[in-house]
>>> print(open('target.txt').read())   # compact mmCIF, C-alpha atoms
# COMPACT_ATOMS: atom_id res chain seq x y z
CA MET A 1 137.19 45.09 56.90
CA SER A 2 137.05 43.55 53.47
CA GLU A 3 138.96 40.38 52.71
CA GLU A 4 140.87 42.13 49.92
CA LYS A 5 144.60 42.26 50.29
CA PRO A 6 145.91 45.72 51.14
CA LYS A 7 147.91 47.43 48.42
CA VAL A 8 151.28 48.18 49.94
CA ARG A 9 154.12 50.02 48.22
CA ILE A 10 157.42 50.76 49.93
CA PHE A 11 159.65 53.53 48.62
CA SER A 12 163.17 52.96 49.88
CA THR A 13 166.89 53.00 49.16
CA PRO A 14 169.14 49.95 49.55
CA THR A 15 171.37 51.54 52.19
CA CYS A 16 168.92 53.11 54.62
CA PRO A 17 168.71 51.18 57.91
CA TYR A 18 165.06 52.02 58.63
CA CYS A 19 164.06 50.86 55.14
CA VAL A 20 165.53 47.44 55.84
CA ALA A 21 163.83 47.35 59.25
CA LEU A 22 160.45 48.29 57.76
CA LYS A 23 160.65 45.67 55.01
CA ASN A 24 161.76 42.98 57.46
CA HIS A 25 158.80 43.89 59.65
CA LEU A 26 156.38 43.41 56.74
CA LYS A 27 158.03 40.13 55.73
CA GLU A 28 157.78 38.83 59.29
CA HIS A 29 154.03 39.43 59.18
CA ASN A 30 153.63 37.97 55.67
CA VAL A 31 152.55 41.27 54.16
CA GLU A 32 153.07 41.38 50.40
CA PHE A 33 154.42 44.65 49.13
CA GLU A 34 155.86 46.32 46.07
CA ASP A 35 159.51 47.12 46.80
CA ILE A 36 160.44 50.34 45.02
CA ASP A 37 164.10 51.36 44.96
CA VAL A 38 164.00 55.13 44.53
CA ALA A 39 167.78 55.19 44.05
CA GLN A 40 167.16 53.48 40.69
CA ASP A 41 163.59 54.40 39.75
CA LEU A 42 163.63 58.16 39.37
CA VAL A 43 159.98 58.37 38.28
CA ALA A 44 158.98 56.70 41.52
CA GLN A 45 161.40 58.96 43.39
CA LYS A 46 159.60 62.01 41.99
CA GLU A 47 156.23 60.52 42.92
CA MET A 48 157.43 59.84 46.46
CA ILE A 49 158.79 63.38 46.95
CA GLU A 50 155.63 64.97 45.58
CA ARG A 51 153.20 62.83 47.55
CA SER A 52 155.08 62.86 50.86
CA GLY A 53 156.34 66.44 50.60
CA GLN A 54 159.82 65.44 51.72
CA TYR A 55 162.94 63.50 50.67
CA GLY A 56 163.37 61.07 53.55
CA VAL A 57 163.06 57.30 53.10
CA PRO A 58 161.34 54.99 53.81
CA VAL A 59 157.89 56.07 52.71
CA ALA A 60 155.02 53.59 52.74
CA ASP A 61 151.89 53.83 50.59
CA ILE A 62 149.18 51.66 52.15
CA ASN A 63 145.95 51.73 50.17
CA GLY A 64 146.76 55.29 49.15
CA GLU A 65 147.71 56.59 52.59
CA ILE A 66 151.25 57.95 52.77
CA ILE A 67 153.27 57.13 55.89
CA ILE A 68 156.64 58.80 56.35
CA GLY A 69 159.36 56.81 58.11
CA PHE A 70 159.16 53.48 59.90
CA ASN A 71 156.05 54.43 61.86
CA GLN A 72 155.40 50.95 63.19
CA GLU A 73 152.28 51.92 65.11
CA ARG A 74 150.42 53.44 62.15
CA ILE A 75 151.58 50.75 59.74
CA ASN A 76 150.40 48.00 62.08
CA GLN A 77 147.10 49.77 62.53
CA LEU A 78 146.47 50.03 58.78
CA LEU A 79 147.48 46.44 58.13
CA GLY A 80 145.79 44.93 61.16
CA ILE A 81 149.09 43.64 62.58
CA LYS A 82 148.85 43.00 66.30
CA MET B 83 159.20 56.20 96.48
CA ILE B 84 162.97 56.51 96.36
CA TYR B 85 164.86 54.51 93.76
CA ASP B 86 168.30 53.03 94.39
CA LEU B 87 169.35 53.97 90.88
CA ILE B 88 168.01 56.00 87.98
CA ILE B 89 169.60 55.42 84.58
CA ILE B 90 169.14 58.16 82.00
CA GLY B 91 169.55 56.97 78.42
CA GLY B 92 168.51 53.97 76.31
CA GLY B 93 171.54 53.29 74.13
CA PRO B 94 174.09 50.49 74.61
CA ALA B 95 175.51 52.03 77.83
CA GLY B 96 172.11 52.67 79.44
CA ILE B 97 170.63 49.30 78.47
CA THR B 98 173.66 47.38 79.74
CA ALA B 99 173.48 49.38 82.96
CA GLY B 100 169.80 48.42 83.22
CA ILE B 101 170.57 44.73 82.83
CA TYR B 102 173.32 44.84 85.46
CA ALA B 103 171.21 46.87 87.86
CA ALA B 104 168.30 44.44 87.55
CA ARG B 105 170.59 41.50 88.25
CA LYS B 106 171.98 43.36 91.26
CA LYS B 107 168.35 43.72 92.42
CA LEU B 108 168.63 47.47 92.68
CA LYS B 109 165.34 49.31 92.66
CA THR B 110 165.91 50.89 89.27
CA LEU B 111 164.20 53.26 86.89
CA LEU B 112 165.45 53.74 83.32
CA ILE B 113 164.32 56.90 81.54
CA THR B 114 164.91 57.34 77.83
CA LYS B 115 163.63 59.41 74.97
CA GLU B 116 164.21 56.56 72.53
CA TRP B 117 165.98 53.21 72.20
CA GLY B 118 169.38 53.61 70.64
CA GLY B 119 170.60 56.80 69.06
CA GLN B 120 173.64 56.80 66.85
CA ILE B 121 173.54 52.99 66.72
CA THR B 122 170.30 53.01 64.71
CA LYS B 123 172.18 54.59 61.80
CA ALA B 124 174.73 51.77 61.61
CA VAL B 125 173.98 49.57 58.62
CA ASP B 126 176.34 46.68 59.34
CA ILE B 127 178.02 46.11 62.68
CA GLU B 128 180.77 43.53 62.32
CA ASN B 129 182.65 43.93 65.60
CA TRP B 130 180.03 42.89 68.15
CA PRO B 131 181.56 39.69 69.54
CA GLY B 132 179.43 36.62 69.03
CA THR B 133 177.52 38.03 66.08
CA LYS B 134 179.33 38.20 62.75
CA LYS B 135 177.12 40.84 61.25
CA ILE B 136 174.06 42.69 62.48
CA SER B 137 172.34 46.00 61.77
CA GLY B 138 172.25 48.66 64.47
CA ILE B 139 168.46 48.55 64.61
CA ASP B 140 168.41 44.77 65.09
CA LEU B 141 171.13 44.91 67.74
CA ILE B 142 169.37 47.59 69.76
CA GLN B 143 166.11 45.61 69.51
CA GLN B 144 167.88 42.53 70.85
CA MET B 145 169.37 44.56 73.68
CA THR B 146 166.03 46.14 74.54
CA GLY B 147 164.29 42.76 74.45
CA HIS B 148 166.94 41.39 76.81
CA LEU B 149 166.52 44.33 79.21
CA LYS B 150 162.74 44.01 79.29
CA GLN B 151 162.98 40.39 80.47
CA PHE B 152 163.99 41.76 83.84
CA GLU B 153 161.86 43.46 86.42
CA ILE B 154 162.93 46.97 85.79
CA GLU B 155 160.81 50.07 85.59
CA ILE B 156 161.11 51.95 82.30
CA LYS B 157 159.83 55.33 81.17
CA GLU B 158 160.01 55.59 77.39
CA GLY B 159 159.58 58.71 75.30
CA LYS B 160 160.62 60.95 78.18
CA GLU B 161 163.37 63.51 78.12
CA VAL B 162 165.10 64.45 81.36
CA ILE B 163 165.30 68.22 81.75
CA ASP B 164 166.86 68.61 85.18
CA LEU B 165 169.06 66.77 87.65
CA ASP B 166 169.69 68.22 91.08
CA ARG B 167 170.40 67.29 94.68
CA ARG B 168 167.79 66.91 97.42
CA LYS B 169 169.57 66.40 100.73
CA GLU B 170 171.65 63.26 100.15
CA ASN B 171 169.51 62.03 97.23
CA PHE B 172 168.98 63.23 93.69
CA ILE B 173 165.92 64.62 91.95
CA ILE B 174 165.34 64.01 88.28
CA ARG B 175 162.64 65.82 86.35
CA ASP B 176 161.21 65.15 82.92
CA ASN B 177 158.44 67.20 81.33
CA ASP B 178 155.65 65.92 83.55
CA GLN B 179 157.10 64.11 86.56
CA GLU B 180 159.89 64.09 89.08
CA TYR B 181 161.69 61.12 90.55
CA GLU B 182 163.99 60.70 93.55
CA SER B 183 166.97 58.37 93.64
CA LYS B 184 169.98 57.52 95.77
CA SER B 185 172.24 57.31 92.71
CA VAL B 186 172.21 58.23 89.02
CA ILE B 187 173.88 57.04 85.84
CA ILE B 188 173.99 59.47 82.93
CA ALA B 189 174.19 57.63 79.60
CA THR B 190 172.52 59.98 77.16
CA GLY B 191 175.12 59.72 74.42
CA LYS B 192 175.64 62.16 71.63
CA VAL B 193 173.48 63.73 68.95
CA PRO B 194 174.57 65.33 65.69
CA ARG B 195 175.61 68.95 66.19
CA LEU B 196 173.42 71.34 64.24
CA LEU B 197 174.08 74.71 62.64
CA ASN B 198 171.30 76.55 64.51
CA ILE B 199 170.51 78.83 61.59
CA PRO B 200 167.24 79.87 59.92
CA GLY B 201 165.80 77.24 57.59
CA GLU B 202 167.65 74.31 59.13
CA ASN B 203 164.71 72.98 61.09
CA GLU B 204 162.05 74.14 58.66
CA PHE B 205 163.59 72.16 55.78
CA LYS B 206 164.52 69.04 57.75
CA GLY B 207 163.67 66.12 55.47
CA LYS B 208 162.97 68.62 52.69
CA GLY B 209 166.59 68.90 51.64
CA VAL B 210 168.30 69.24 55.01
CA SER B 211 169.66 65.87 56.11
CA ILE B 212 172.01 64.41 58.69
CA CYS B 213 172.05 60.94 57.07
CA SER B 214 173.77 60.70 53.70
CA THR B 215 173.59 56.89 53.89
CA CYS B 216 169.80 57.27 53.89
CA ASP B 217 169.22 60.19 51.61
CA ALA B 218 172.09 60.48 49.10
CA PRO B 219 170.23 58.76 46.23
CA MET B 220 167.47 61.36 46.43
CA PHE B 221 169.85 63.99 45.09
CA LYS B 222 170.69 62.43 41.73
CA ASP B 223 171.88 65.08 39.28
CA LYS B 224 171.30 67.83 41.83
CA ASP B 225 173.65 70.29 43.48
CA VAL B 226 174.22 69.78 47.18
CA ALA B 227 176.22 71.30 50.02
CA VAL B 228 178.00 69.44 52.80
CA ALA B 229 178.48 71.46 55.98
CA GLY B 230 181.72 70.32 57.59
CA GLY B 231 185.14 69.57 56.14
CA GLY B 232 186.25 66.96 58.66
CA ASN B 233 186.44 63.22 58.01
CA ALA B 234 182.71 62.83 58.66
CA GLY B 235 181.93 65.55 56.12
CA PHE B 236 184.32 63.97 53.62
CA ASN B 237 182.57 60.61 54.00
CA VAL B 238 179.24 62.29 53.36
CA ALA B 239 180.73 63.88 50.25
CA LEU B 240 181.97 60.44 49.12
CA ASP B 241 178.37 59.20 49.35
CA MET B 242 177.16 62.24 47.45
CA ILE B 243 179.56 62.17 44.47
CA LYS B 244 177.94 58.89 43.37
CA TYR B 245 174.70 60.75 42.72
CA ALA B 246 174.97 64.53 42.78
CA LYS B 247 175.91 66.81 39.91
CA LYS B 248 177.96 69.11 42.11
CA VAL B 249 179.06 68.92 45.75
CA TYR B 250 180.14 71.96 47.75
CA ILE B 251 182.05 71.27 50.96
CA LEU B 252 181.78 74.22 53.36
CA GLU B 253 184.30 74.48 56.17
CA PHE B 254 184.29 77.06 58.97
CA PHE B 255 188.07 77.07 59.44
CA PRO B 256 190.63 78.19 56.83
CA GLU B 257 191.64 74.56 56.18
CA THR B 258 189.62 71.35 55.91
CA LYS B 259 190.46 68.82 58.62
CA GLY B 260 189.66 65.55 56.85
CA ASP B 261 192.32 63.13 55.62
CA PRO B 262 194.29 64.37 52.58
CA ILE B 263 193.85 60.97 50.86
CA THR B 264 190.08 61.36 50.93
CA LYS B 265 190.39 64.98 49.88
CA ASP B 266 192.36 63.93 46.80
CA LYS B 267 189.73 61.35 45.94
CA LEU B 268 187.00 63.97 46.21
CA ALA B 269 188.98 66.49 44.17
CA GLN B 270 189.58 63.87 41.46
CA SER B 271 185.86 63.43 41.00
CA GLY B 272 185.87 66.84 39.34
CA ILE B 273 182.52 67.80 40.88
CA VAL B 274 183.60 68.78 44.40
CA GLU B 275 184.31 72.39 45.31
CA PHE B 276 185.95 73.16 48.66
CA ILE B 277 184.91 76.46 50.20
CA THR B 278 186.81 77.21 53.42
CA ASN B 279 186.77 79.89 56.10
CA VAL B 280 183.03 80.41 55.78
CA SER B 281 180.12 80.51 58.14
CA ILE B 282 176.75 79.21 56.94
CA LYS B 283 174.02 81.75 57.70
CA GLU B 284 170.75 80.57 56.21
CA ILE B 285 169.05 77.78 54.26
CA LYS B 286 166.38 79.04 51.90
CA GLY B 287 163.60 77.57 49.82
CA THR B 288 159.85 77.36 49.34
CA LYS B 289 158.59 73.77 49.59
CA PHE B 290 162.08 72.30 49.47
CA VAL B 291 165.61 73.64 49.90
CA GLU B 292 166.65 75.88 47.02
CA SER B 293 169.72 77.73 48.22
CA LEU B 294 172.19 78.38 51.00
CA ILE B 295 173.78 81.61 52.16
CA TYR B 296 177.24 81.69 53.63
CA GLU B 297 179.53 84.45 54.78
CA ASP B 298 183.17 84.61 53.82
CA ARG B 299 184.77 85.07 57.24
CA LYS B 300 187.72 87.00 55.85
CA THR B 301 185.85 89.61 53.84
CA GLY B 302 182.49 89.50 55.65
CA LYS B 303 180.75 89.20 52.28
CA ASP B 304 177.66 87.00 51.82
CA PHE B 305 177.32 84.51 48.98
CA GLU B 306 174.34 82.45 47.85
CA ILE B 307 174.69 79.07 46.18
CA ASN B 308 171.80 77.16 44.62
CA VAL B 309 171.53 73.70 46.18
CA ALA B 310 168.73 71.18 46.61
CA GLY B 311 170.32 69.49 49.58
CA VAL B 312 172.30 70.47 52.66
CA PHE B 313 174.01 67.63 54.56
CA ILE B 314 175.06 68.65 58.04
CA SER B 315 178.18 66.93 59.29
CA ILE B 316 179.79 69.18 61.86
CA GLY B 317 180.36 66.61 64.56
CA MET B 318 178.52 65.14 67.51
CA MET B 319 177.37 66.90 70.64
CA PRO B 320 176.94 65.42 74.13
CA LYS B 321 173.38 65.63 75.48
CA VAL B 322 173.96 66.69 79.03
CA GLY B 323 172.66 70.20 79.65
CA PHE B 324 170.19 68.91 82.26
CA ALA B 325 173.00 67.75 84.57
CA GLN B 326 175.32 70.75 84.50
CA LYS B 327 174.89 71.61 88.17
CA LEU B 328 176.45 68.34 89.32
CA ILE B 329 179.08 67.47 86.75
CA ASP B 330 182.20 68.89 85.15
CA LEU B 331 182.57 68.95 81.38
CA ASN B 332 185.71 68.97 79.25
CA LYS B 333 186.17 71.57 76.55
CA ILE B 334 184.10 69.66 74.01
CA GLY B 335 181.23 69.23 76.43
CA GLU B 336 181.82 65.63 77.50
CA VAL B 337 181.30 64.55 81.12
CA ILE B 338 184.59 64.15 82.95
CA ILE B 339 184.75 60.81 84.79
CA ASP B 340 187.41 58.81 86.60
CA LYS B 341 188.25 55.20 85.77
CA ASP B 342 185.31 53.97 87.87
CA ASN B 343 182.77 56.20 86.10
CA ASN B 344 182.50 58.71 88.99
CA THR B 345 181.64 62.29 88.08
CA LYS B 346 182.63 65.08 90.47
CA THR B 347 179.45 64.42 92.51
CA PRO B 348 179.53 61.19 94.57
CA GLY B 349 176.50 59.13 93.56
CA VAL B 350 176.34 60.54 90.04
CA PHE B 351 178.00 58.30 87.47
CA ALA B 352 178.30 58.57 83.69
CA ALA B 353 178.90 55.99 80.95
CA GLY B 354 179.32 55.72 77.20
CA ASP B 355 179.78 58.35 74.52
CA ILE B 356 178.60 61.12 76.84
CA THR B 357 181.85 60.79 78.80
CA ASP B 358 185.42 61.87 78.09
CA ILE B 359 186.44 58.26 77.42
CA LYS B 360 188.30 58.66 74.16
CA TYR B 361 187.13 55.67 72.13
CA GLU B 362 183.50 55.50 71.11
CA GLN B 363 182.39 51.98 70.29
CA ILE B 364 179.26 49.97 71.09
CA VAL B 365 181.23 47.33 72.93
CA ILE B 366 183.00 50.01 74.98
CA ALA B 367 179.75 51.80 75.83
CA CYS B 368 178.31 48.49 77.07
CA GLY B 369 181.38 47.86 79.22
CA GLU B 370 181.23 51.35 80.65
CA GLY B 371 177.52 50.92 81.46
CA ALA B 372 178.33 47.73 83.37
CA LYS B 373 181.20 49.40 85.23
CA ALA B 374 179.00 52.33 86.23
CA VAL B 375 176.45 49.98 87.84
CA LEU B 376 179.14 48.08 89.71
CA ALA B 377 180.53 51.40 90.98
CA ALA B 378 177.02 52.58 91.92
CA THR B 379 176.43 49.30 93.78
CA ASP B 380 179.58 49.90 95.84
CA TYR B 381 178.52 53.47 96.47
CA LEU B 382 175.09 52.36 97.74
CA LYS B 383 176.66 49.69 99.93
CA ASN B 384 179.07 52.14 101.55
CA LYS B 385 176.28 54.63 102.10
CA ALA B 386 173.95 52.15 103.80
>>> encode(input="target.txt", output="structure tokens")
Amino acid sequence: MSEEKPKVRIFSTPTCPYCVALKNHLKEHNVEFEDIDVAQDLVAQKEMIERSGQYGVPVADINGEIIIGFNQERINQLLGIK
Amino acid sequence: MIYDLIIIGGGPAGITAGIYAARKKLKTLLITKEWGGQITKAVDIENWPGTKKISGIDLIQQMTGHLKQFEIEIKEGKEVIDLDRRKENFIIRDNDQEYESKSVIIATGKVPRLLNIPGENEFKGKGVSICSTCDAPMFKDKDVAVAGGGNAGFNVALDMIKYAKKVYILEFFPETKGDPITKDKLAQSGIVEFITNVSIKEIKGTKFVESLIYEDRKTGKDFEINVAGVFISIGMMPKVGFAQKLIDLNKIGEVIIDKDNNTKTPGVFAAGDITDIKYEQIVIACGEGAKAVLAATDYLKNKA
């Protein structure tokens, strides 16, 4: 693994419980991420729907890989969180 | 290996039952498909004594963490498909194993009722949603349908009018059942159309939802409306098909229990939203889970 920081983008809405849980999980493990509110940013919303093929939030983009939902196992795997 | 107690369900009732059973030193197995169900959708819980405000996900994590401190056997990700008698004990089967126990607590809660029509499953997450709190903002300036004209459906519609261009509320019965005050509020928005006495037949689309077909129950005629989203809000359904041989259900499918959580079969108890207890609250489900274990403990004692 390179020492480069992973590029993490989180597409979420303010009210969705799993979005809050996902972001808290990243914060707990000191993972920096771009917090994208798709309720406000409609360009990002369109990008999220096109890339994930569905409307549900949260969606995580970790170094270009799209993960739908708070899939803790896969997210931890990609970020090396134990 | 025969357990003293098998608890089915991992929501507030099941977890509390697990904690009580462990402290009673019963040889216990808890089987659950997932931790928490309806509770995970609660954004802010402000009536859990001792904690001023907590999210449903955090609360269920705390409860699960508490449970796992005890020596209790847990099978996660398993769905029970059958419960039956074997002599004086009970046999519980999931998809790949069977377990025997002297007593059972059913605490499987409720899941959202679905329409069971073509397209519903296929377009799940692609326009079909059961969580307006989560997904409403994704339908900005789009037309959406809400299935269900009760208070739950009205609340979904309230979430939707903040974003959508047009909201159809489809109700099976000739009249909507939600509160008139909310109905007025929705009507005043100018973008809500109430369509009653209809049965939804199909959800159509290609990659995402594009339209919905409903039948007018009076004339039998089909209509198609173009919508990008369909929010299903037609109530909650008890998850208890696996136990039907040993329990009685009321007319809405809830397990009938007495005040000590007994079902009609001695040794089989039920707790939480799955039961015919009228009020559905986290704190009540926890209390009922505790009661069920205390009743099961008495049952085991009398049997021994």
>>> residues_around(input="target.txt", residues="Cys368 of chain B", least_positions_apart="6", cutoff="12 Å", atoms="only C-alpha atoms", output="ChimeraX atom specification")
/B:92-102,130,142,145,189,191,353-355,362,374-375
>>> interface_residues(input="target.txt", of="chain B", to="chain A", cutoff="12 Å", atoms="all atoms listed in the file", output="number ranges by chain")
B: 120-127, 136-143, 204-223, 241, 244-246, 288-291, 310-312
>>> residues_around(input="target.txt", residues="segment 252-260 of chain B", least_positions_apart="5", cutoff="12 Å", atoms="only C-alpha atoms", output="number ranges by chain")
B: 197, 226-239, 265-268, 274-283, 294-300, 307, 312-317
>>> write_last_selection(input="target.txt", atoms="C-alpha atoms", output="compact mmCIF listing (two decimals), keeping the file's coordinate frame")
# COMPACT_ATOMS: atom_id res chain seq x y z
CA LEU B 197 174.08 74.71 62.64
CA VAL B 226 174.22 69.78 47.18
CA ALA B 227 176.22 71.30 50.02
CA VAL B 228 178.00 69.44 52.80
CA ALA B 229 178.48 71.46 55.98
CA GLY B 230 181.72 70.32 57.59
CA GLY B 231 185.14 69.57 56.14
CA GLY B 232 186.25 66.96 58.66
CA ASN B 233 186.44 63.22 58.01
CA ALA B 234 182.71 62.83 58.66
CA GLY B 235 181.93 65.55 56.12
CA PHE B 236 184.32 63.97 53.62
CA ASN B 237 182.57 60.61 54.00
CA VAL B 238 179.24 62.29 53.36
CA ALA B 239 180.73 63.88 50.25
CA LYS B 265 190.39 64.98 49.88
CA ASP B 266 192.36 63.93 46.80
CA LYS B 267 189.73 61.35 45.94
CA LEU B 268 187.00 63.97 46.21
CA VAL B 274 183.60 68.78 44.40
CA GLU B 275 184.31 72.39 45.31
CA PHE B 276 185.95 73.16 48.66
CA ILE B 277 184.91 76.46 50.20
CA THR B 278 186.81 77.21 53.42
CA ASN B 279 186.77 79.89 56.10
CA VAL B 280 183.03 80.41 55.78
CA SER B 281 180.12 80.51 58.14
CA ILE B 282 176.75 79.21 56.94
CA LYS B 283 174.02 81.75 57.70
CA LEU B 294 172.19 78.38 51.00
CA ILE B 295 173.78 81.61 52.16
CA TYR B 296 177.24 81.69 53.63
CA GLU B 297 179.53 84.45 54.78
CA ASP B 298 183.17 84.61 53.82
CA ARG B 299 184.77 85.07 57.24
CA LYS B 300 187.72 87.00 55.85
CA ILE B 307 174.69 79.07 46.18
CA VAL B 312 172.30 70.47 52.66
CA PHE B 313 174.01 67.63 54.56
CA ILE B 314 175.06 68.65 58.04
CA SER B 315 178.18 66.93 59.29
CA ILE B 316 179.79 69.18 61.86
CA GLY B 317 180.36 66.61 64.56
>>> atom_distance(input="target.txt", atom1="atom CA of Lys115 of chain B", atom2="atom CA of Arg168 of chain B")
24.0 Å
>>> residues_around(input="target.txt", residues="segment 22-35 of chain A", least_positions_apart="3", cutoff="9 Å", atoms="only C-alpha atoms", output="PyMOL selection string")
chain A and resi 5-12+17-19+58+69-72+79+81
>>> residues_around(input="target.txt", residues="segment 201-203 of chain B", least_positions_apart="6", cutoff="8 Å", atoms="only C-alpha atoms", output="ChimeraX atom specification")
/B:210,284-286
>>> atom_distance(input="target.txt", atom1="atom CA of Thr357 of chain B", atom2="atom CA of Asp178 of chain B")
27.1 Å
>>> atom_distance(input="target.txt", atom1="atom CA of His148 of chain B", atom2="atom CA of Arg105 of chain B")
12.0 Å
>>> axis_aligned_box(input="target.txt", around="segment 41-52 of chain A", padding_each_side="5 Å", output="JSON")
{"center_x": 158.4, "center_y": 59.7, "center_z": 44.6, "size_x": 20.4, "size_y": 20.6, "size_z": 22.6}
>>> residues_around(input="target.txt", residues="Asp164 of chain B", least_positions_apart="4", cutoff="8 Å", atoms="only C-alpha atoms", output="VMD selection string")
chain B and resid 173 to 176 324 to 325
>>> closest_residue(input="target.txt", among="B:Leu149, B:Ile187, B:Val193, B:Val249", to="Ile339 of chain B", atoms="only C-alpha atoms")
B:Ile187
>>> decode(input="target.txt", residues="segment 54-73 of chain A", atoms="C-alpha atoms", output="PDB file, in the first residue's frame")
ATOM      1  CA  GLN A  54     -29.669   3.921  -7.609  1.00  0.00           C
ATOM      2  CA  TYR A  55     -31.085   6.720  -5.437  1.00  0.00           C
ATOM      3  CA  GLY A  56     -30.307   5.479  -1.936  1.00  0.00           C
ATOM      4  CA  VAL A  57     -27.916   7.312   0.391  1.00  0.00           C
ATOM      5  CA  PRO A  58     -25.259   7.068   1.695  1.00  0.00           C
ATOM      6  CA  VAL A  59     -22.922   6.307  -1.177  1.00  0.00           C
ATOM      7  CA  ALA A  60     -19.171   6.296  -0.627  1.00  0.00           C
ATOM      8  CA  ASP A  61     -16.559   6.875  -3.322  1.00  0.00           C
ATOM      9  CA  ILE A  62     -13.227   5.515  -2.096  1.00  0.00           C
ATOM     10  CA  ASN A  63     -10.444   5.991  -4.623  1.00  0.00           C
ATOM     11  CA  GLY A  64     -13.017   5.646  -7.385  1.00  0.00           C
ATOM     12  CA  GLU A  65     -14.784   2.570  -6.041  1.00  0.00           C
ATOM     13  CA  ILE A  66     -18.483   3.112  -5.374  1.00  0.00           C
ATOM     14  CA  ILE A  67     -19.931   1.560  -2.223  1.00  0.00           C
ATOM     15  CA  ILE A  68     -23.685   1.681  -1.701  1.00  0.00           C
ATOM     16  CA  GLY A  69     -24.962   2.008   1.855  1.00  0.00           C
ATOM     17  CA  PHE A  70     -23.072   1.824   5.140  1.00  0.00           C
ATOM     18  CA  ASN A  71     -21.176  -1.314   4.169  1.00  0.00           C
ATOM     19  CA  GLN A  72     -18.801  -1.212   7.106  1.00  0.00           C
ATOM     20  CA  GLU A  73     -16.907  -4.336   6.102  1.00  0.00           C
TER      21      GLU A  73
END
